[in-house]
Amino acid sequence: MAETIFSIPDLRLCSYGTTIAAGVLLWILEGFNPFFSTEKRRGAHAKLNLSLAALNLLVLLPSGILMAFMLEWSKNAWPGIRMLALPPALEAILLILCIDLWMYLWHRLNHETPFLWRFHSVHHSDSTLDVTTSWRFHSMEILISELLRIPLFMLMGAGIEHLLLYSLLMTPVIEFHHSNIAIAPALDRLARLIIPSPMMHRLHHSRERSERNSNYGSMLSLWDRLFGSFMMKENLDDLRIGLDRESDPDKQQLFALLQRPFQP
Ligand SMILES: [Zn+2]
Ligand SMILES: [Zn+2]
């Protein structure tokens, strides 16, 4: 199994370290070379998004412990992918593909189900896109996502080491495609052969519904191409980020964002 290749404490440390290091590096680069010139104060914008992220840690810490416990317990109850007796590296690659496919489907479901969109729209109501948007989610979206993941990953036969490995690979990609760094169009084209690029994800944050309901991928752009949701425009000069009405400045406050999904 993958823990024979990667030790769980090392993976955990690497995953947290990479998330923080990539976040800080992208934040610095955004200051030097931004794609959107924003008149908004970056500090105030980051403070709101990081407040939501801090609340999410209250959900993620207990759910992470529950996930680790349930996956450990299910190892003896249901083999999942282990019944194929594959080499550990191949098993890890297949599980990472399956987890990323689930992330694609879950994100798409958040856009296509009115109940889930209530919570996911908090992520999209950000009128400025930068690396801190990658941590801006309503806690209820995180909670529902975590509760659904547990039985699904048990069914797959994933171990906590596979989840940590996926998180180590996926989180910097998510941070990168939310970042407000201007990169050369050729580099973006190259990136989107493999990952959802910043240009792809900017289009996903468009106020235009037809553009917003595209480019759902988290780590790989493959799923959008495969399931017909890939969309690209070479010129995003006219792109308006956010949601009509929801992105108004008076609604961009912590308690207003937390309450919003529960209002009519
Ligand atoms: Zn979305
Ligand atoms: Zn996003």
# chains A, B, ... in the order shown; residues from 1 in each chain; ligands from 1

call {"tool": "residues_around", "arguments": {"residues": "Pro198 (chain A)", "least_positions_apart": "6", "cutoff": "9 Å", "atoms": "only C-alpha atoms", "output": "ChimeraX atom specification"}}
result
/A:176-183,188,191-192

call {"tool": "write_last_selection", "arguments": {"atoms": "N, CA and C atoms", "output": "PDB file, in the first residue's frame"}}
result
ATOM      1  N   PHE A 176      -2.906  28.031  -7.428  1.00  0.00           N
ATOM      2  CA  PHE A 176      -2.364  28.631  -8.653  1.00  0.00           C
ATOM      3  C   PHE A 176      -3.479  29.110  -9.580  1.00  0.00           C
ATOM      4  N   HIS A 177      -4.543  28.277  -9.779  1.00  0.00           N
ATOM      5  CA  HIS A 177      -5.538  28.718 -10.757  1.00  0.00           C
ATOM      6  C   HIS A 177      -6.476  29.804 -10.223  1.00  0.00           C
ATOM      7  N   HIS A 178      -6.453  30.032  -8.905  1.00  0.00           N
ATOM      8  CA  HIS A 178      -7.194  31.189  -8.370  1.00  0.00           C
ATOM      9  C   HIS A 178      -6.331  32.444  -8.344  1.00  0.00           C
ATOM     10  N   SER A 179      -5.017  32.286  -8.474  1.00  0.00           N
ATOM     11  CA  SER A 179      -4.119  33.422  -8.245  1.00  0.00           C
ATOM     12  C   SER A 179      -4.282  34.505  -9.308  1.00  0.00           C
ATOM     13  N   ASN A 180      -3.963  35.703  -8.900  1.00  0.00           N
ATOM     14  CA  ASN A 180      -4.091  36.864  -9.790  1.00  0.00           C
ATOM     15  C   ASN A 180      -2.730  37.204 -10.409  1.00  0.00           C
ATOM     16  N   ILE A 181      -2.059  36.190 -10.924  1.00  0.00           N
ATOM     17  CA  ILE A 181      -0.753  36.439 -11.541  1.00  0.00           C
ATOM     18  C   ILE A 181      -0.938  36.466 -13.059  1.00  0.00           C
ATOM     19  N   ALA A 182      -0.367  37.474 -13.689  1.00  0.00           N
ATOM     20  CA  ALA A 182      -0.413  37.536 -15.158  1.00  0.00           C
ATOM     21  C   ALA A 182       0.699  36.644 -15.699  1.00  0.00           C
ATOM     22  N   ILE A 183       0.304  35.576 -16.371  1.00  0.00           N
ATOM     23  CA  ILE A 183       1.335  34.730 -16.995  1.00  0.00           C
ATOM     24  C   ILE A 183       1.153  34.787 -18.511  1.00  0.00           C
ATOM     25  N   ASP A 188      -0.027  29.652 -20.191  1.00  0.00           N
ATOM     26  CA  ASP A 188      -1.358  29.251 -19.733  1.00  0.00           C
ATOM     27  C   ASP A 188      -1.891  28.112 -20.616  1.00  0.00           C
ATOM     28  N   ALA A 191      -0.128  25.002 -19.616  1.00  0.00           N
ATOM     29  CA  ALA A 191      -0.602  24.519 -18.300  1.00  0.00           C
ATOM     30  C   ALA A 191      -1.932  23.810 -18.434  1.00  0.00           C
ATOM     31  N   ARG A 192      -2.839  24.369 -19.272  1.00  0.00           N
ATOM     32  CA  ARG A 192      -4.191  23.786 -19.319  1.00  0.00           C
ATOM     33  C   ARG A 192      -4.273  22.474 -20.079  1.00  0.00           C
TER      34      ARG A 192
END

call {"tool": "residues_around", "arguments": {"residues": "Tyr166 (chain A)", "least_positions_apart": "4", "cutoff": "10 Å", "atoms": "only C-alpha atoms", "output": "PyMOL selection string"}}
result
chain A and resi 11+15+92-93+95-97+99-100+160-162+170-171+219

call {"tool": "residues_near_ligand", "arguments": {"ligand": "ligand 2", "cutoff": "10 Å", "atoms": "only C-alpha atoms and all ligand atoms", "output": "mmCIF file with C-alpha atoms, in the first residue's frame"}}
result
data_model
loop_
_atom_site.group_PDB
_atom_site.id
_atom_site.type_symbol
_atom_site.label_atom_id
_atom_site.label_comp_id
_atom_site.auth_asym_id
_atom_site.auth_seq_id
_atom_site.Cartn_x
_atom_site.Cartn_y
_atom_site.Cartn_z
ATOM 1 C CA HIS A 107 -18.042 20.765 -8.045
ATOM 2 C CA HIS A 120 -21.038 27.309 -3.224
ATOM 3 C CA HIS A 123 -17.081 31.150 -3.156
ATOM 4 C CA HIS A 124 -18.289 32.768 -6.390
ATOM 5 C CA ASP A 126 -15.883 37.171 -4.455
ATOM 6 C CA LEU A 129 -9.951 36.742 -7.667
ATOM 7 C CA ASP A 130 -6.655 35.986 -5.950
ATOM 8 C CA VAL A 131 -4.939 33.155 -4.096
ATOM 9 C CA THR A 133 -10.212 32.976 -2.962
ATOM 10 C CA SER A 134 -8.970 29.371 -3.078
ATOM 11 C CA TRP A 135 -9.667 29.144 0.685
ATOM 12 C CA ARG A 136 -12.988 31.010 0.625
ATOM 13 C CA PHE A 137 -15.828 28.514 1.107
ATOM 14 C CA ILE A 174 -6.081 25.168 -6.765
ATOM 15 C CA GLU A 175 -4.061 28.040 -5.301
ATOM 16 C CA HIS A 177 -5.538 28.718 -10.757
ATOM 17 C CA HIS A 178 -7.194 31.189 -8.370
ATOM 18 C CA SER A 179 -4.119 33.422 -8.245
ATOM 19 C CA PRO A 198 -5.662 30.495 -14.218
ATOM 20 C CA HIS A 201 -10.672 29.235 -13.699
ATOM 21 C CA ARG A 202 -11.122 32.995 -14.204
ATOM 22 C CA LEU A 203 -13.788 32.140 -16.773
ATOM 23 C CA HIS A 204 -15.367 29.826 -14.181
ATOM 24 C CA HIS A 205 -15.740 32.863 -11.879
ATOM 25 C CA ARG A 212 -19.575 30.090 -14.925
ATOM 26 C CA ASN A 215 -14.240 24.422 -16.145
ATOM 27 C CA TYR A 216 -15.093 22.529 -12.953
ATOM 28 C CA GLY A 217 -11.778 20.654 -12.674
ATOM 29 C CA SER A 218 -9.712 20.762 -9.489
#

call {"tool": "closest_residue", "arguments": {"among": "A:Leu163, A:Glu112, A:Arg189, A:Pro264", "to": "ligand 1", "atoms": "only C-alpha atoms and all ligand atoms"}}
result
A:Glu112

call {"tool": "select_by_dssp", "arguments": {"residues": "region 2-242 of chain A", "states": "strand (DSSP E or B)", "output": "PyMOL selection string"}}
result
chain A and resi 34+181+206+241

call {"tool": "residues_around", "arguments": {"residues": "region 145-148 of chain A", "least_positions_apart": "3", "cutoff": "8 Å", "atoms": "only C-alpha atoms", "output": "VMD selection string"}}
result
chain A and resid 60 63 106 141 to 142 151 to 152

call {"tool": "write_last_selection", "arguments": {"atoms": "N, CA and C atoms", "output": "mmCIF file, in the first residue's frame"}}
result
data_model
loop_
_atom_site.group_PDB
_atom_site.id
_atom_site.type_symbol
_atom_site.label_atom_id
_atom_site.label_comp_id
_atom_site.auth_asym_id
_atom_site.auth_seq_id
_atom_site.Cartn_x
_atom_site.Cartn_y
_atom_site.Cartn_z
ATOM 1 N N LEU A 60 -12.873 21.002 9.430
ATOM 2 C CA LEU A 60 -11.910 20.079 8.834
ATOM 3 C C LEU A 60 -11.136 19.255 9.877
ATOM 4 N N SER A 63 -13.491 16.410 11.155
ATOM 5 C CA SER A 63 -13.846 15.511 10.043
ATOM 6 C C SER A 63 -12.607 14.760 9.551
ATOM 7 N N TRP A 106 -18.379 16.565 -7.878
ATOM 8 C CA TRP A 106 -18.908 17.298 -6.716
ATOM 9 C C TRP A 106 -19.029 18.787 -7.037
ATOM 10 N N GLU A 141 -20.652 24.001 3.010
ATOM 11 C CA GLU A 141 -20.189 23.300 1.805
ATOM 12 C C GLU A 141 -19.063 22.321 2.178
ATOM 13 N N ILE A 142 -18.169 22.778 3.044
ATOM 14 C CA ILE A 142 -17.053 21.925 3.477
ATOM 15 C C ILE A 142 -17.594 20.731 4.257
ATOM 16 N N PRO A 151 -17.817 7.880 3.097
ATOM 17 C CA PRO A 151 -18.232 6.576 2.546
ATOM 18 C C PRO A 151 -17.669 6.309 1.151
ATOM 19 N N LEU A 152 -17.503 7.391 0.372
ATOM 20 C CA LEU A 152 -16.997 7.230 -0.994
ATOM 21 C C LEU A 152 -15.557 6.712 -0.995
#

call {"tool": "residues_around", "arguments": {"residues": "Asp237 (chain A)", "least_positions_apart": "6", "cutoff": "12 Å", "atoms": "only C-alpha atoms", "output": "list of chain:residue names"}}
result
A:Phe35, A:Phe36, A:Ser37, A:Met199, A:Arg202, A:Leu203, A:Ser206

call {"tool": "write_last_selection", "arguments": {"atoms": "C-alpha atoms", "output": "PDB file, in the first residue's frame"}}
result
ATOM      1  CA  PHE A  35      -3.575  40.012 -14.052  1.00  0.00           C
ATOM      2  CA  PHE A  36      -6.504  42.106 -12.820  1.00  0.00           C
ATOM      3  CA  SER A  37      -5.484  45.538 -11.669  1.00  0.00           C
ATOM      4  CA  MET A 199      -7.428  31.633 -17.447  1.00  0.00           C
ATOM      5  CA  ARG A 202     -11.122  32.995 -14.204  1.00  0.00           C
ATOM      6  CA  LEU A 203     -13.788  32.140 -16.773  1.00  0.00           C
ATOM      7  CA  SER A 206     -17.506  34.911 -14.586  1.00  0.00           C
TER       8      SER A 206
END

call {"tool": "closest_residue", "arguments": {"among": "A:Leu116, A:Leu165, A:Leu48, A:Ala22", "to": "ligand 1", "atoms": "only C-alpha atoms and all ligand atoms"}}
result
A:Leu116

call {"tool": "closest_residue", "arguments": {"among": "A:Thr19, A:Thr113, A:Asn213, A:Thr128", "to": "ligand 1", "atoms": "only C-alpha atoms and all ligand atoms"}}
result
A:Asn213

call {"tool": "residues_around", "arguments": {"residues": "Leu13 (chain A)", "least_positions_apart": "6", "cutoff": "12 Å", "atoms": "only C-alpha atoms", "output": "list in words"}}
result
Phe6, Ser7, Thr19, Ile20, Ala21, Glu161, Leu164, Leu165, Ser167 and Leu168 of chain A

call {"tool": "write_last_selection", "arguments": {"atoms": "C-alpha atoms", "output": "JSON list (two decimals), in the first residue's frame"}}
result
[["chain", "number", "residue", "atom", "x", "y", "z"],
["A", 6, "PHE", "CA", 5.19, 7.41, 1.80],
["A", 7, "SER", "CA", 5.09, 7.82, 5.55],
["A", 19, "THR", "CA", -0.08, 24.70, 0.93],
["A", 20, "ILE", "CA", 1.40, 27.52, 3.03],
["A", 21, "ALA", "CA", 4.57, 27.98, 0.94],
["A", 161, "GLU", "CA", -2.01, 8.37, 2.87],
["A", 164, "LEU", "CA", -2.76, 13.31, 1.88],
["A", 165, "LEU", "CA", -0.88, 12.60, -1.35],
["A", 167, "SER", "CA", -4.02, 17.03, -1.18],
["A", 168, "LEU", "CA", -0.26, 17.58, -1.59]]

call {"tool": "select_by_dssp", "arguments": {"residues": "region 99-219 of chain A", "states": "alpha helix (DSSP H)", "output": "ChimeraX atom specification"}}
result
/A:99-112,114-124,139-156,160-178,185-191,198-204,209-212

call {"tool": "closest_residue", "arguments": {"among": "A:His45, A:Arg209, A:Arg12, A:Arg260", "to": "ligand 1", "atoms": "only C-alpha atoms and all ligand atoms"}}
result
A:Arg209

call {"tool": "atom_distance", "arguments": {"atom1": "CA of Leu193 (chain A)", "atom2": "CA of Pro34 (chain A)"}}
result
22.8 Å

call {"tool": "atom_distance", "arguments": {"atom1": "CA of Gly157 (chain A)", "atom2": "CA of Ala68 (chain A)"}}
result
12.4 Å

call {"tool": "closest_residue", "arguments": {"among": "A:Pro261, A:Gly64, A:Pro79, A:Gly242", "to": "ligand 1", "atoms": "only C-alpha atoms and all ligand atoms"}}
result
A:Gly242

call {"tool": "residues_around", "arguments": {"residues": "Asp244 (chain A)", "least_positions_apart": "4", "cutoff": "9 Å", "atoms": "only C-alpha atoms", "output": "NGL selection string"}}
result
:A and (125 or 207 or 248)

call {"tool": "closest_residue", "arguments": {"among": "A:Lys233, A:Lys251, A:Arg149, A:Arg225", "to": "Ile194 (chain A)", "atoms": "only C-alpha atoms"}}
result
A:Arg225

call {"tool": "residues_around", "arguments": {"residues": "Lys47 (chain A)", "least_positions_apart": "6", "cutoff": "10 Å", "atoms": "only C-alpha atoms", "output": "MDAnalysis selection string"}}
result
chainID A and resid 53 132 254

call {"tool": "write_last_selection", "arguments": {"atoms": "N, CA and C atoms", "output": "short mmCIF file (atom, residue, chain, number, x, y, z; two decimals), in the first residue's frame"}}
result
data_model
loop_
_atom_site.label_atom_id
_atom_site.label_comp_id
_atom_site.auth_asym_id
_atom_site.auth_seq_id
_atom_site.Cartn_x
_atom_site.Cartn_y
_atom_site.Cartn_z
N ALA A 53 -11.81 30.80 5.92
CA ALA A 53 -10.92 29.63 5.94
C ALA A 53 -10.67 29.16 7.37
N THR A 132 -6.23 33.97 -2.17
CA THR A 132 -7.03 33.77 -0.96
C THR A 132 -8.44 33.29 -1.30
N LEU A 254 -18.24 38.99 6.82
CA LEU A 254 -18.24 37.60 7.30
C LEU A 254 -19.64 37.09 7.66
#
